[in-house]
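Peer 1: Data file run.txt (compact mmCIF, C-alpha atoms and all ligand atoms) is appended below.
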# COMPACT_ATOMS: atom_id res chain seq x y z
CA MET I 199 16.38 2.74 14.94
CA LYS I 200 13.32 0.61 15.61
CA GLY I 201 10.06 0.71 13.73
CA VAL I 202 6.58 -0.75 13.95
CA MET I 203 4.66 -1.52 10.79
CA LEU I 204 0.90 -1.92 11.16
CA VAL I 205 -0.16 -4.70 8.83
CA GLY I 206 -3.02 -6.36 10.70
CA GLY I 207 -6.04 -4.92 8.86
CA PHE I 208 -8.52 -6.92 6.79
CA GLY I 209 -8.19 -4.67 3.75
CA THR I 210 -11.92 -4.94 3.04
CA ARG I 211 -11.93 -2.18 0.42
CA MET I 212 -9.40 -4.15 -1.59
CA ARG I 213 -11.53 -7.27 -1.84
CA PRO I 214 -11.53 -9.63 -3.69
CA LEU I 215 -7.71 -9.41 -3.85
CA THR I 216 -7.41 -9.36 -0.05
CA ILE I 217 -9.55 -12.47 0.40
CA THR I 218 -6.48 -14.51 -0.52
CA THR I 219 -3.61 -12.11 0.25
CA PRO I 220 -3.29 -9.53 3.04
CA LYS I 221 -3.11 -6.02 1.55
CA PRO I 222 0.53 -5.28 2.43
CA MET I 223 1.58 -8.55 0.74
CA LEU I 224 -0.11 -7.73 -2.58
CA PRO I 225 2.53 -7.20 -5.23
CA LEU I 226 3.47 -3.69 -6.26
CA VAL I 227 5.45 -3.78 -9.51
CA ASN I 228 5.89 -7.50 -8.85
CA VAL I 229 7.32 -7.22 -5.32
CA PRO I 230 5.21 -7.52 -2.14
CA PHE I 231 4.23 -3.96 -1.30
CA LEU I 232 5.50 -4.36 2.26
CA GLU I 233 8.98 -5.12 0.91
CA VAL I 234 8.99 -1.77 -0.90
CA GLU I 235 8.01 -0.05 2.35
CA LEU I 236 10.55 -1.91 4.48
CA LEU I 237 13.40 -1.16 2.06
CA HIS I 238 12.45 2.50 2.23
CA LEU I 239 12.79 2.38 6.03
CA ARG I 240 16.09 0.50 5.82
CA ARG I 241 17.54 3.22 3.60
CA TYR I 242 17.27 5.56 6.62
CA GLY I 243 18.77 3.16 9.12
CA VAL I 244 15.49 1.75 10.45
CA ASP I 245 16.60 -1.87 10.32
CA GLU I 246 14.74 -3.45 13.22
CA VAL I 247 11.01 -3.60 12.57
CA ILE I 248 8.12 -5.19 14.42
CA LEU I 249 5.36 -6.35 12.10
CA SER I 250 2.05 -6.06 13.89
CA THR I 251 -0.02 -8.69 12.11
CA GLY I 252 -3.55 -9.96 12.58
CA TYR I 253 -5.17 -11.04 9.32
CA MET I 254 -3.38 -13.97 7.60
CA PRO I 255 -0.13 -13.66 9.60
CA ALA I 256 1.40 -16.82 8.09
CA VAL I 257 1.69 -15.11 4.69
CA PHE I 258 4.04 -12.47 6.17
CA ASP I 259 6.06 -15.05 8.02
CA ALA I 260 6.43 -17.35 5.01
CA TYR I 261 7.83 -14.56 2.84
CA PHE I 262 9.89 -12.48 5.26
CA GLY I 263 10.69 -14.80 8.17
CA ASP I 264 13.22 -13.08 10.42
CA GLY I 265 13.98 -10.50 7.72
CA SER I 266 17.39 -11.81 6.71
CA ARG I 267 16.38 -11.96 3.03
CA ILE I 268 16.16 -8.15 3.06
CA ASP I 269 18.93 -7.66 5.59
CA MET I 270 16.65 -6.43 8.38
CA ARG I 271 15.63 -7.76 11.76
CA LEU I 272 11.89 -8.46 11.74
CA THR I 273 9.74 -9.60 14.64
CA HIS I 274 6.20 -10.75 13.94
CA ILE I 275 3.61 -10.15 16.65
CA THR I 276 0.07 -11.32 15.93
CA GLU I 277 -3.06 -9.98 17.60
CA GLU I 278 -5.86 -12.34 18.58
CA GLU I 279 -8.39 -9.57 17.95
CA PRO I 280 -7.78 -6.34 15.99
CA LEU I 281 -6.51 -3.79 18.51
CA GLY I 282 -6.70 -0.71 16.28
CA THR I 283 -3.74 1.42 15.24
CA CYS I 284 -2.64 2.52 18.74
CA GLY I 285 -3.68 -0.68 20.54
CA ALA I 286 -1.50 -2.63 18.11
CA VAL I 287 1.60 -0.63 19.07
CA LYS I 288 0.75 -0.76 22.78
CA ASN I 289 0.63 -4.53 22.31
CA VAL I 290 4.33 -4.54 21.34
CA ALA I 291 5.41 -1.70 23.69
CA GLU I 292 7.78 -3.87 25.73
CA LEU I 293 9.85 -4.51 22.59
CA LEU I 294 10.28 -0.83 21.80
CA GLY I 295 12.88 0.28 24.36
CA GLU I 296 13.20 3.92 25.51
CA GLU I 297 14.22 5.69 22.32
CA PRO I 298 11.79 7.22 19.79
CA VAL I 299 10.40 4.72 17.29
CA ILE I 300 8.90 5.12 13.87
CA VAL I 301 5.36 3.80 13.38
CA CYS I 302 3.92 3.33 9.89
CA ASN I 303 0.55 2.34 8.49
CA GLY I 304 1.39 -0.60 6.26
CA ASP I 305 -0.49 0.71 3.24
CA ILE I 306 1.30 3.97 2.44
CA LEU I 307 3.51 4.37 -0.61
CA THR I 308 5.79 7.33 -0.03
CA ASP I 309 9.27 8.65 -0.64
CA LEU I 310 9.19 10.63 2.60
CA ASP I 311 12.62 11.74 3.86
CA ILE I 312 12.58 9.72 7.07
CA GLY I 313 16.00 11.03 8.09
CA ALA I 314 14.67 14.59 8.07
CA LEU I 315 11.55 13.48 9.98
CA ILE I 316 13.59 11.88 12.77
CA GLU I 317 15.88 14.91 12.96
CA TYR I 318 12.86 17.24 13.20
CA HIS I 319 11.35 15.12 16.00
CA ARG I 320 14.59 15.35 18.01
CA GLU I 321 15.07 19.08 17.39
CA LYS I 322 11.55 19.88 18.54
CA GLY I 323 11.73 17.65 21.59
CA ALA I 324 8.39 16.19 20.52
CA ALA I 325 6.48 13.41 22.27
CA VAL I 326 4.91 12.56 18.93
CA THR I 327 5.61 13.85 15.44
CA ILE I 328 2.89 13.23 12.86
CA THR I 329 3.76 13.38 9.18
CA LEU I 330 1.28 15.56 7.30
CA THR I 331 0.41 15.65 3.64
CA PRO I 332 -1.65 18.23 1.71
CA VAL I 333 -4.90 17.08 0.05
CA GLU I 334 -7.22 18.77 -2.44
CA ASP I 335 -10.50 18.12 -0.61
CA PRO I 336 -9.74 18.51 3.10
CA THR I 337 -13.40 17.99 4.11
CA ALA I 338 -13.08 14.23 3.60
CA TYR I 339 -10.31 13.86 6.20
CA GLY I 340 -9.14 14.77 9.68
CA LEU I 341 -7.21 18.04 9.47
CA VAL I 342 -4.17 18.90 11.56
CA PRO I 343 -3.57 22.67 11.87
CA LEU I 344 -0.15 23.81 13.19
CA ASP I 345 1.17 26.93 14.89
CA ASP I 346 4.18 28.82 13.49
CA ASP I 347 6.61 26.51 15.29
CA GLY I 348 5.01 23.36 13.82
CA ARG I 349 3.18 22.42 17.02
CA ILE I 350 -0.23 20.81 16.54
CA LYS I 351 -3.07 23.11 17.61
CA GLU I 352 -6.02 20.75 17.25
CA PHE I 353 -7.45 17.77 15.40
CA LEU I 354 -10.41 18.63 13.20
CA GLU I 355 -12.36 15.55 12.08
CA LYS I 356 -14.04 15.83 8.65
CA PRO I 357 -14.63 19.61 8.82
CA SER I 358 -17.15 21.59 6.75
CA TRP I 359 -15.61 24.02 4.21
CA ASP I 360 -15.96 27.02 6.56
CA GLN I 361 -13.86 25.16 9.16
CA VAL I 362 -11.07 24.41 6.72
CA VAL I 363 -8.00 26.20 8.08
CA THR I 364 -5.37 23.97 6.50
CA ASP I 365 -5.13 21.33 3.80
CA LEU I 366 -2.79 19.14 5.86
CA ILE I 367 -3.92 15.68 6.90
CA ASN I 368 -2.37 12.92 8.95
CA ALA I 369 -0.24 10.87 6.55
CA GLY I 370 -0.01 7.77 8.75
CA THR I 371 3.71 7.84 9.61
CA TYR I 372 4.74 8.84 13.12
CA VAL I 373 7.79 9.19 15.33
CA ILE I 374 6.74 8.42 18.89
CA ASP I 375 8.41 8.52 22.28
CA PRO I 376 7.46 5.09 23.71
CA ARG I 377 6.69 6.56 27.16
CA VAL I 378 3.31 7.80 25.80
CA PHE I 379 2.12 4.19 25.59
CA ARG I 380 2.07 3.94 29.41
CA GLN I 381 -1.30 5.65 29.46
CA VAL I 382 -2.86 3.37 26.83
CA PRO I 383 -4.99 0.53 28.29
CA PRO I 384 -3.59 -2.93 27.43
CA ASP I 385 -5.47 -5.42 25.25
CA THR I 386 -7.97 -2.80 24.22
CA ASN I 387 -8.94 -1.59 20.76
CA TYR I 388 -7.50 1.91 20.73
CA SER I 389 -6.95 4.48 17.99
CA PHE I 390 -4.11 6.96 17.51
CA GLU I 391 -6.27 9.33 15.52
CA ARG I 392 -9.41 9.34 17.66
CA GLU I 393 -8.01 8.55 21.12
CA LEU I 394 -4.30 8.79 22.00
CA PHE I 395 -3.35 11.86 19.95
CA PRO I 396 -6.30 14.05 21.04
CA ASP I 397 -5.74 12.89 24.67
CA LEU I 398 -2.04 13.82 24.55
CA LEU I 399 -2.92 17.20 23.08
CA SER I 400 -5.38 17.95 25.88
CA GLN I 401 -2.68 16.96 28.42
CA GLY I 402 -0.40 19.63 26.91
CA GLU I 403 2.13 17.14 25.52
CA PRO I 404 4.35 18.47 22.69
CA LEU I 405 2.78 17.07 19.51
CA PHE I 406 4.36 18.31 16.30
CA GLY I 407 3.39 18.06 12.65
CA PHE I 408 5.90 17.42 9.88
CA PRO I 409 4.38 18.76 6.66
CA SER I 410 5.83 17.28 3.51
CA ASP I 411 4.88 17.47 -0.14
CA CYS I 412 6.66 14.20 -0.90
CA TYR I 413 4.88 11.51 -2.92
CA TRP I 414 2.13 10.00 -0.78
CA LEU I 415 -0.58 7.48 -1.63
CA ASP I 416 -2.50 5.10 0.59
CA LEU I 417 -3.15 1.89 -1.27
CA GLY I 418 -6.57 1.39 0.26
CA THR I 419 -8.70 0.85 -2.85
CA PRO I 420 -8.33 -0.84 -6.26
CA ALA I 421 -8.25 2.58 -7.96
CA LYS I 422 -5.32 3.65 -5.79
CA TYR I 423 -3.58 0.32 -6.27
CA LEU I 424 -3.72 0.88 -10.03
CA ALA I 425 -2.65 4.52 -9.59
CA ALA I 426 0.38 3.43 -7.56
CA HIS I 427 1.51 1.18 -10.43
CA HIS I 428 0.95 3.94 -12.97
CA ASP I 429 2.86 6.47 -10.86
CA ILE I 430 5.84 4.13 -10.44
CA LEU I 431 5.91 3.29 -14.15
CA GLU I 432 5.70 6.99 -15.03
CA GLY I 433 8.52 7.77 -12.62
CA ARG I 434 6.52 9.94 -10.18
CA ILE I 435 8.07 7.95 -7.36
CA ASP I 436 11.36 6.14 -7.55
CA VAL I 437 10.78 2.42 -6.96
CA SER I 438 13.23 0.12 -8.72
CA LEU I 439 11.75 -2.17 -11.35
CA ARG I 440 12.82 -5.81 -11.41
CA GLY I 441 14.24 -6.70 -14.80
CA GLU I 442 16.12 -5.28 -17.73
CA GLU I 443 15.08 -2.44 -20.01
CA ILE I 444 14.62 -4.39 -23.28
CA ALA I 445 13.15 -1.46 -25.22
CA ARG I 446 12.45 2.15 -24.32
CA ARG I 447 10.87 2.00 -20.85
CA VAL I 448 9.89 -1.65 -21.33
CA PHE I 449 11.27 -3.64 -18.39
CA ALA I 450 11.28 -7.43 -18.55
CA GLY I 451 12.36 -10.15 -16.12
CA ASN I 452 14.10 -13.44 -16.92
CA ASP I 453 12.94 -16.03 -19.46
CA VAL I 454 10.33 -13.82 -21.08
CA GLN I 455 8.94 -14.87 -24.48
CA ILE I 456 7.66 -12.13 -26.73
CA ASP I 457 6.44 -12.98 -30.22
CA ASP I 458 8.10 -10.90 -32.95
CA SER I 459 4.75 -9.59 -34.11
CA ALA I 460 3.67 -8.42 -30.61
CA ARG I 461 3.74 -4.66 -29.95
CA LEU I 462 4.88 -3.17 -26.66
CA TYR I 463 4.39 0.46 -25.63
CA GLY I 464 6.26 1.50 -22.48
CA PRO I 465 6.38 2.32 -19.74
CA LEU I 466 5.48 -1.18 -18.72
CA LEU I 467 6.81 -4.11 -16.70
CA ILE I 468 6.85 -7.81 -17.59
CA GLY I 469 7.55 -10.44 -14.90
CA ASP I 470 9.80 -13.52 -15.08
CA GLY I 471 8.66 -16.31 -17.38
CA ALA I 472 5.83 -14.27 -18.94
CA SER I 473 4.84 -14.76 -22.58
CA ILE I 474 3.17 -12.49 -25.11
CA GLY I 475 1.61 -14.09 -28.17
CA ALA I 476 1.49 -13.23 -31.86
CA GLY I 477 -0.13 -9.91 -32.73
CA ALA I 478 -0.82 -9.07 -29.08
CA SER I 479 -0.31 -5.53 -27.88
CA VAL I 480 0.74 -4.56 -24.38
CA GLY I 481 0.23 -0.87 -23.83
CA ARG I 482 1.38 1.85 -21.47
CA LEU I 483 1.26 1.51 -17.71
CA THR I 484 0.77 -2.22 -17.68
CA CYS I 485 2.32 -4.55 -15.14
CA LEU I 486 2.38 -8.26 -15.95
CA GLY I 487 3.31 -10.59 -13.09
CA ASP I 488 5.55 -13.66 -13.29
CA ARG I 489 4.41 -16.38 -15.73
CA VAL I 490 1.50 -14.31 -17.07
CA LYS I 491 0.44 -15.45 -20.55
CA VAL I 492 -1.02 -12.93 -22.97
CA GLY I 493 -2.72 -14.81 -25.81
CA ALA I 494 -2.44 -14.03 -29.52
CA GLY I 495 -4.12 -10.80 -30.55
CA ALA I 496 -4.93 -9.81 -26.96
CA HIS I 497 -4.67 -6.18 -25.85
CA VAL I 498 -3.65 -5.04 -22.38
CA GLU I 499 -3.30 -1.45 -21.23
CA GLY I 500 -3.04 0.31 -17.85
CA ALA I 501 -3.74 -3.01 -16.13
CA VAL I 502 -2.15 -5.01 -13.32
CA ILE I 503 -2.17 -8.76 -13.88
CA LEU I 504 -0.79 -10.90 -11.09
CA ASP I 505 1.36 -14.04 -11.30
CA GLY I 506 0.31 -17.05 -13.33
CA THR I 507 -2.78 -15.54 -14.97
CA GLU I 508 -3.60 -16.44 -18.58
CA LEU I 509 -5.43 -14.26 -21.07
CA GLY I 510 -6.95 -16.11 -24.00
CA GLU I 511 -6.73 -15.05 -27.64
CA GLY I 512 -8.20 -11.64 -28.38
CA CYS I 513 -8.83 -10.72 -24.72
CA VAL I 514 -8.91 -7.02 -23.87
CA VAL I 515 -7.88 -5.87 -20.38
CA GLU I 516 -7.82 -2.14 -19.66
CA GLN I 517 -7.42 -0.15 -16.42
CA SER I 518 -8.31 -3.20 -14.35
CA ILE I 519 -6.74 -5.71 -11.99
CA ILE I 520 -6.66 -9.49 -12.29
CA GLY I 521 -5.45 -11.70 -9.43
CA ARG I 522 -3.23 -14.77 -9.51
CA ASN I 523 -3.69 -17.92 -11.60
CA THR I 524 -6.90 -16.79 -13.23
CA VAL I 525 -7.66 -18.17 -16.67
CA LEU I 526 -9.69 -16.20 -19.21
CA GLY I 527 -10.99 -17.81 -22.39
CA PRO I 528 -10.87 -16.08 -25.77
CA GLU I 529 -12.30 -12.59 -26.34
CA VAL I 530 -12.96 -11.81 -22.68
CA HIS I 531 -13.12 -8.08 -21.89
CA VAL I 532 -12.10 -6.66 -18.51
CA ALA I 533 -12.26 -2.87 -18.27
CA GLU I 534 -13.10 0.28 -16.28
CA GLY I 535 -11.55 -0.53 -12.94
CA SER I 536 -12.87 -4.08 -12.68
CA VAL I 537 -11.18 -6.46 -10.25
CA LEU I 538 -11.04 -10.23 -10.76
CA GLY I 539 -9.74 -12.33 -7.86
CA ASP I 540 -7.39 -15.32 -7.88
CA ASN I 541 -8.08 -18.71 -9.50
CA ILE I 542 -11.10 -17.63 -11.54
CA GLU I 543 -11.99 -19.52 -14.71
CA ALA I 544 -14.00 -17.44 -17.13
CA GLY I 545 -15.02 -18.88 -20.48
CA GLY I 546 -14.82 -16.97 -23.76
CA GLY I 547 -16.77 -13.79 -24.52
CA ASN I 548 -17.50 -12.71 -20.94
CA GLU I 549 -17.45 -8.94 -20.35
CA PHE I 550 -16.50 -7.41 -17.02
CA ARG I 551 -16.80 -3.61 -16.88
CA ARG I 552 -17.81 -0.72 -14.62
CA GLY I 553 -15.70 -1.75 -11.66
CA ILE I 554 -17.30 -5.19 -11.22
CA ARG I 555 -15.55 -7.36 -8.64
CA VAL I 556 -15.43 -11.12 -9.06
CA TRP I 557 -14.61 -13.32 -6.05
CA PRO I 558 -11.75 -15.86 -6.15
CA SER I 559 -12.20 -19.40 -7.45
CA THR I 560 -15.38 -18.54 -9.34
CA SER I 561 -16.12 -20.51 -12.48
CA ILE I 562 -18.03 -18.63 -15.17
CA GLU I 563 -19.38 -20.24 -18.34
CA ALA I 564 -18.61 -18.74 -21.74
CA GLY I 565 -20.69 -15.67 -22.60
CA LYS I 566 -22.49 -15.63 -19.24
CA ILE I 567 -21.61 -12.11 -18.02
CA LYS I 568 -22.06 -8.85 -19.95
CA PHE I 569 -21.64 -6.24 -17.24
P1 LIG I 601 -10.02 -1.48 5.11
O1 LIG I 601 -10.68 -2.66 5.76
O2 LIG I 601 -10.25 -1.47 3.62
O3 LIG I 601 -10.33 -0.16 5.74
O4 LIG I 601 -8.41 -1.65 5.20
P2 LIG I 601 -7.46 -1.91 6.47
O5 LIG I 601 -7.96 -3.07 7.24
O6 LIG I 601 -6.07 -2.04 5.94
O7 LIG I 601 -7.62 -0.61 7.35
P3 LIG I 601 -6.89 0.79 7.19
O8 LIG I 601 -6.64 1.07 5.76
O9 LIG I 601 -7.63 1.78 7.97
O10 LIG I 601 -5.52 0.49 7.96
C1 LIG I 601 -4.34 1.22 7.80
C2 LIG I 601 -3.16 0.32 8.14
O11 LIG I 601 -3.23 -0.10 9.51
C3 LIG I 601 -3.13 -0.95 7.32
O12 LIG I 601 -1.79 -1.23 7.01
C4 LIG I 601 -3.70 -2.02 8.25
O13 LIG I 601 -3.11 -3.29 7.99
C5 LIG I 601 -3.29 -1.52 9.62
N1 LIG I 601 -4.31 -1.81 10.64
C6 LIG I 601 -5.59 -1.34 10.68
N2 LIG I 601 -6.20 -1.79 11.79
C7 LIG I 601 -5.29 -2.56 12.46
C8 LIG I 601 -5.34 -3.32 13.68
O14 LIG I 601 -6.35 -3.39 14.38
N3 LIG I 601 -4.20 -3.97 14.05
C9 LIG I 601 -3.07 -3.92 13.30
N4 LIG I 601 -2.00 -4.60 13.73
N5 LIG I 601 -2.99 -3.24 12.15
C10 LIG I 601 -4.09 -2.56 11.73
Using C-alpha cells, write down the structure from this file.
Peer 2:
Amino acid sequence: MKGVMLVGGFGTRMRPLTITTPKPMLPLVNVPFLEVELLHLRRYGVDEVILSTGYMPAVFDAYFGDGSRIDMRLTHITEEEPLGTCGAVKNVAELLGEEPVIVCNGDILTDLDIGALIEYHREKGAAVTITLTPVEDPTAYGLVPLDDDGRIKEFLEKPSWDQVVTDLINAGTYVIDPRVFRQVPPDTNYSFERELFPDLLSQGEPLFGFPSDCYWLDLGTPAKYLAAHHDILEGRIDVSLRGEEIARRVFAGNDVQIDDSARLYGPLLIGDGASIGAGASVGRLTCLGDRVKVGAGAHVEGAVILDGTELGEGCVVEQSIIGRNTVLGPEVHVAEGSVLGDNIEAGGGNEFRRGIRVWPSTSIEAGKIKF
C-alpha cells in the first residue's frame, strides 16, 4: 500500500531546535522521529511512501535517500511554497494510483493499528476515513461527531462547552480514495481540515471516523517532545531502544564510558560513544544522544540531550532539551522546560530556567544569564 507523509512544515513551535533540523528529523530516543513513523507504517505493509517536503528537504534526502536503508521505497517531492495539508497531497496525486492511500501528518507518535484502519475503510466503502482520538479538553480542537455506523455527521471547530457532543478529534492519519483529489485546485494552499473534508461532507460523500484509544501524541511543542521521550522510556508506547540493557532499564549504545562512581537511575537511554564522569548522576527519563559528555558531578534528569553536547562539571539539567554540539561550562543549570539550540557555548554558572529558549550558535559569557 502507498502512503504520503506530510513533512513540509516549518515547525515554528519547536524552535530553536527546528532552526537547524526539520521537526520530523529531530531524534526521538536517538533515531530520527520520521524513521520511527515510517517503520510503524512498514509493519502494516505500507512500504511505498511519498515524503512531501518543503522546509530543509536536503536533510530528509541525505538521511533516507530512496529508502533502501529502511527497506522501503521513498519518493521525495518538494513544494516551492507551502501548499497546506491537502494541497501537499494534491501536489503528488499523480503518483498515488487508484487505490486508497494512507496520509499521515509527520509529527504524530502513535501505535495505531493501521491494518484495522485500512480494513475498516474498505468495509465501510468510505471515500475518506479519519482516525479520531479522545481528548480531555475538546474545546481546544475541532470535534468530529459520528452517527451509530461511524459516519461523520459534522465538523465542529473549537466548540464552546455547551456544543461539546463528543471528545473525539481528528488525529491526523487518514485513508483516502485518491479520486477525491480531482476536485482540489492544483498549486493552491488547501487544507484537509478546513476545506476538503467539510466540502466532501456537504456533497454527501461517505466520510467515516475511526475512533481509537491507542497511544497518540503530536510532537508539536518542546513539552510534548519531552513527554514523548518519557512515555517511550516508561513503556507507554512500544518503540525499540537502540542499545543494550546494561542495568535495570538502563539502555546504552556502543563504546560508552561510565565512571565507576557515577550513578544511573533507569529508565534511561545513553547513545553511542557517550561518557559519564566521576560522581555524576543520570536520573530517570533521560535520553543522552551519541557522544554526549556528562562532566564530573553533573546531574541530569528527565532531559533530552542531543548528539555531541558536553556538560561541564557540576552542571544540572532537568526536564529540558539541549540541541547538538552545545558546550556548557561548569555549574550551568538548565531546568523547567528550557530549550537550548545547537552549537551554543555557554560559560560557567549560567542559569536557564522557566522555559527559556536559546537560539543556535549563541555564545554566552560565564555567569551572564540568571533566568
Ligand atoms: P508549527 O509551525 O509549529 O505549527 O509546526 P508545523 O509546521 O509542523 O505545522 P503542523 O504541526 O500544523 O503540521 C502538521 C504536519 O503537517 C507536520 O508534519 C508538517 O511538517 C506537515 N505540514 C504542515 N503544513 C504543510 C505544508 O504546507 N506542506 C507539507 N508538505 N507539509 C506540511
Peer 1: Please report, as a tab-separated table, each residue of stretch 242-326 of chain I lying at most 8 Å from stretch 230-236 of chain I, together with the nearest pair of atoms and the separation in Å rounded to one decimal; use only C-alpha atoms, and order rows by chain and ascending residue number.
Peer 2:
residue	atom	partner	partner_atom	distance
I:Gly304	CA	I:Leu232	CA	6.9
I:Asp305	CA	I:Leu232	CA	7.9
I:Ile306	CA	I:Glu235	CA	7.8
I:Leu307	CA	I:Glu235	CA	7.0
Peer 1: Padding of 6 Å on every side, edges along x, y and z, all listed atoms of ligand LIG 601 (chain I) included: what centre and edge lengths in Å, to one decimal, does that box have, as lines of an AutoDock Vina configuration file?
Peer 2:
center_x = -6.2
center_y = -1.4
center_z = 9.0
size_x = 20.9
size_y = 18.4
size_z = 22.8
Peer 1: Could you check which of I:Arg446, I:Arg522, I:Arg349, I:Arg482 is closest to I:Thr216, using all atoms listed in the file?
Peer 2: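 Closest to I:Thr216 of all the choices is I:Arg522.
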Peer 1: Suppose you want the space between atom CA of I:Thr484 and atom CA of I:Arg211; what is it in Å?
Peer 2: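 Distance between the two atoms: 22.1 Å.
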Peer 1: For a quick check of understanding, using all atoms listed in the file, which of I:Asp458, I:Asp411, I:Glu277, I:Asp397 has the smallest distance to ligand LIG 601 (chain I)?
Peer 2: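 Under the stated criterion, the closest residue is I:Glu277.
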Peer 1: So, counting all atoms listed in the file, which residue among I:Leu439, I:Ala369, I:Ala260, I:Cys412 is closest to ligand LIG 601 (chain I)?
Peer 2: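 The shortest atom-to-atom distance to ligand LIG 601 (chain I) comes from I:Ala369.
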Peer 1: Hey, which of I:Ala291, I:Ala476, I:Ala501, I:Leu239 ends up closest to I:Ile268? Count all atoms listed in the file.
Peer 2: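 Distance minimum relative to I:Ile268 lands on I:Leu239.
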Peer 1: Using only C-alpha atoms and all ligand atoms, pick whichever of I:Glu292, I:Glu563, I:Asp346, I:Glu278 has the shortest atom-to-atom distance to ligand LIG 601 (chain I).
Peer 2: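 Selected residue with least distance to ligand LIG 601 (chain I): I:Glu278.
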Peer 1: Rank I:Gly285, I:Gly323, I:Gly348, I:Gly402 by their smallest atom-to-atom distance to ligand LIG 601 (chain I), using all atoms listed in the file, and report the top residue only.
Peer 2: I:Gly285
Peer 1: Which distance in Å separates atom CA of I:Phe390 and atom CA of I:Thr219, to one decimal?
Peer 2: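 Atom-to-atom, atom CA of I:Phe390 and atom CA of I:Thr219 are spaced 25.7 Å apart.
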Peer 1: Hey, what's within 8 Å of I:Glu543 if we count all atoms listed in the file and toss same-chain stuff fewer than 4 positions away? As a PyMOL selection string, please?
Peer 2: chain I and resi 524-527+559-562
Peer 1: Please complete stretch 320-334 of chain I with N, CA, C and O atoms and give it back as a compact mmCIF listing (two decimals), in the frame of the given file.
Peer 2:
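And here's part.txt as it stands now:
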# COMPACT_ATOMS: atom_id res chain seq x y z
N ARG I 320 13.59 15.14 16.95
CA ARG I 320 14.59 15.35 18.01
C ARG I 320 14.76 16.84 18.31
O ARG I 320 14.75 17.25 19.47
N GLU I 321 14.88 17.62 17.24
CA GLU I 321 15.07 19.08 17.39
C GLU I 321 13.93 19.72 18.18
O GLU I 321 14.15 20.58 19.02
N LYS I 322 12.72 19.28 17.89
CA LYS I 322 11.55 19.88 18.54
C LYS I 322 11.33 19.35 19.95
O LYS I 322 10.52 19.89 20.69
N GLY I 323 11.98 18.28 20.30
CA GLY I 323 11.73 17.65 21.59
C GLY I 323 10.29 17.15 21.69
O GLY I 323 9.64 17.26 22.73
N ALA I 324 9.79 16.61 20.58
CA ALA I 324 8.39 16.19 20.52
C ALA I 324 8.15 14.88 21.25
O ALA I 324 9.05 14.04 21.37
N ALA I 325 6.90 14.72 21.77
CA ALA I 325 6.48 13.41 22.27
C ALA I 325 6.04 12.57 21.09
O ALA I 325 6.31 11.36 21.03
N VAL I 326 5.35 13.23 20.16
CA VAL I 326 4.91 12.56 18.93
C VAL I 326 5.08 13.54 17.78
O VAL I 326 4.75 14.72 17.91
N THR I 327 5.60 13.05 16.67
CA THR I 327 5.61 13.85 15.44
C THR I 327 4.77 13.10 14.41
O THR I 327 4.97 11.91 14.17
N ILE I 328 3.80 13.83 13.84
CA ILE I 328 2.89 13.23 12.86
C ILE I 328 3.23 13.79 11.49
O ILE I 328 3.27 15.01 11.30
N THR I 329 3.50 12.91 10.53
CA THR I 329 3.76 13.38 9.18
C THR I 329 2.45 13.86 8.56
O THR I 329 1.41 13.19 8.71
N LEU I 330 2.50 14.99 7.88
CA LEU I 330 1.28 15.56 7.30
C LEU I 330 1.46 15.72 5.80
O LEU I 330 2.53 16.03 5.31
N THR I 331 0.36 15.51 5.09
CA THR I 331 0.41 15.65 3.64
C THR I 331 -0.75 16.54 3.19
O THR I 331 -1.84 16.46 3.76
N PRO I 332 -0.54 17.40 2.18
CA PRO I 332 -1.65 18.23 1.71
C PRO I 332 -2.62 17.44 0.83
O PRO I 332 -2.19 16.56 0.08
N VAL I 333 -3.90 17.74 0.92
CA VAL I 333 -4.90 17.08 0.05
C VAL I 333 -5.78 18.16 -0.59
O VAL I 333 -5.90 19.27 -0.07
N GLU I 334 -6.41 17.78 -1.73
CA GLU I 334 -7.22 18.77 -2.44
C GLU I 334 -8.55 19.02 -1.75
O GLU I 334 -9.03 20.15 -1.67
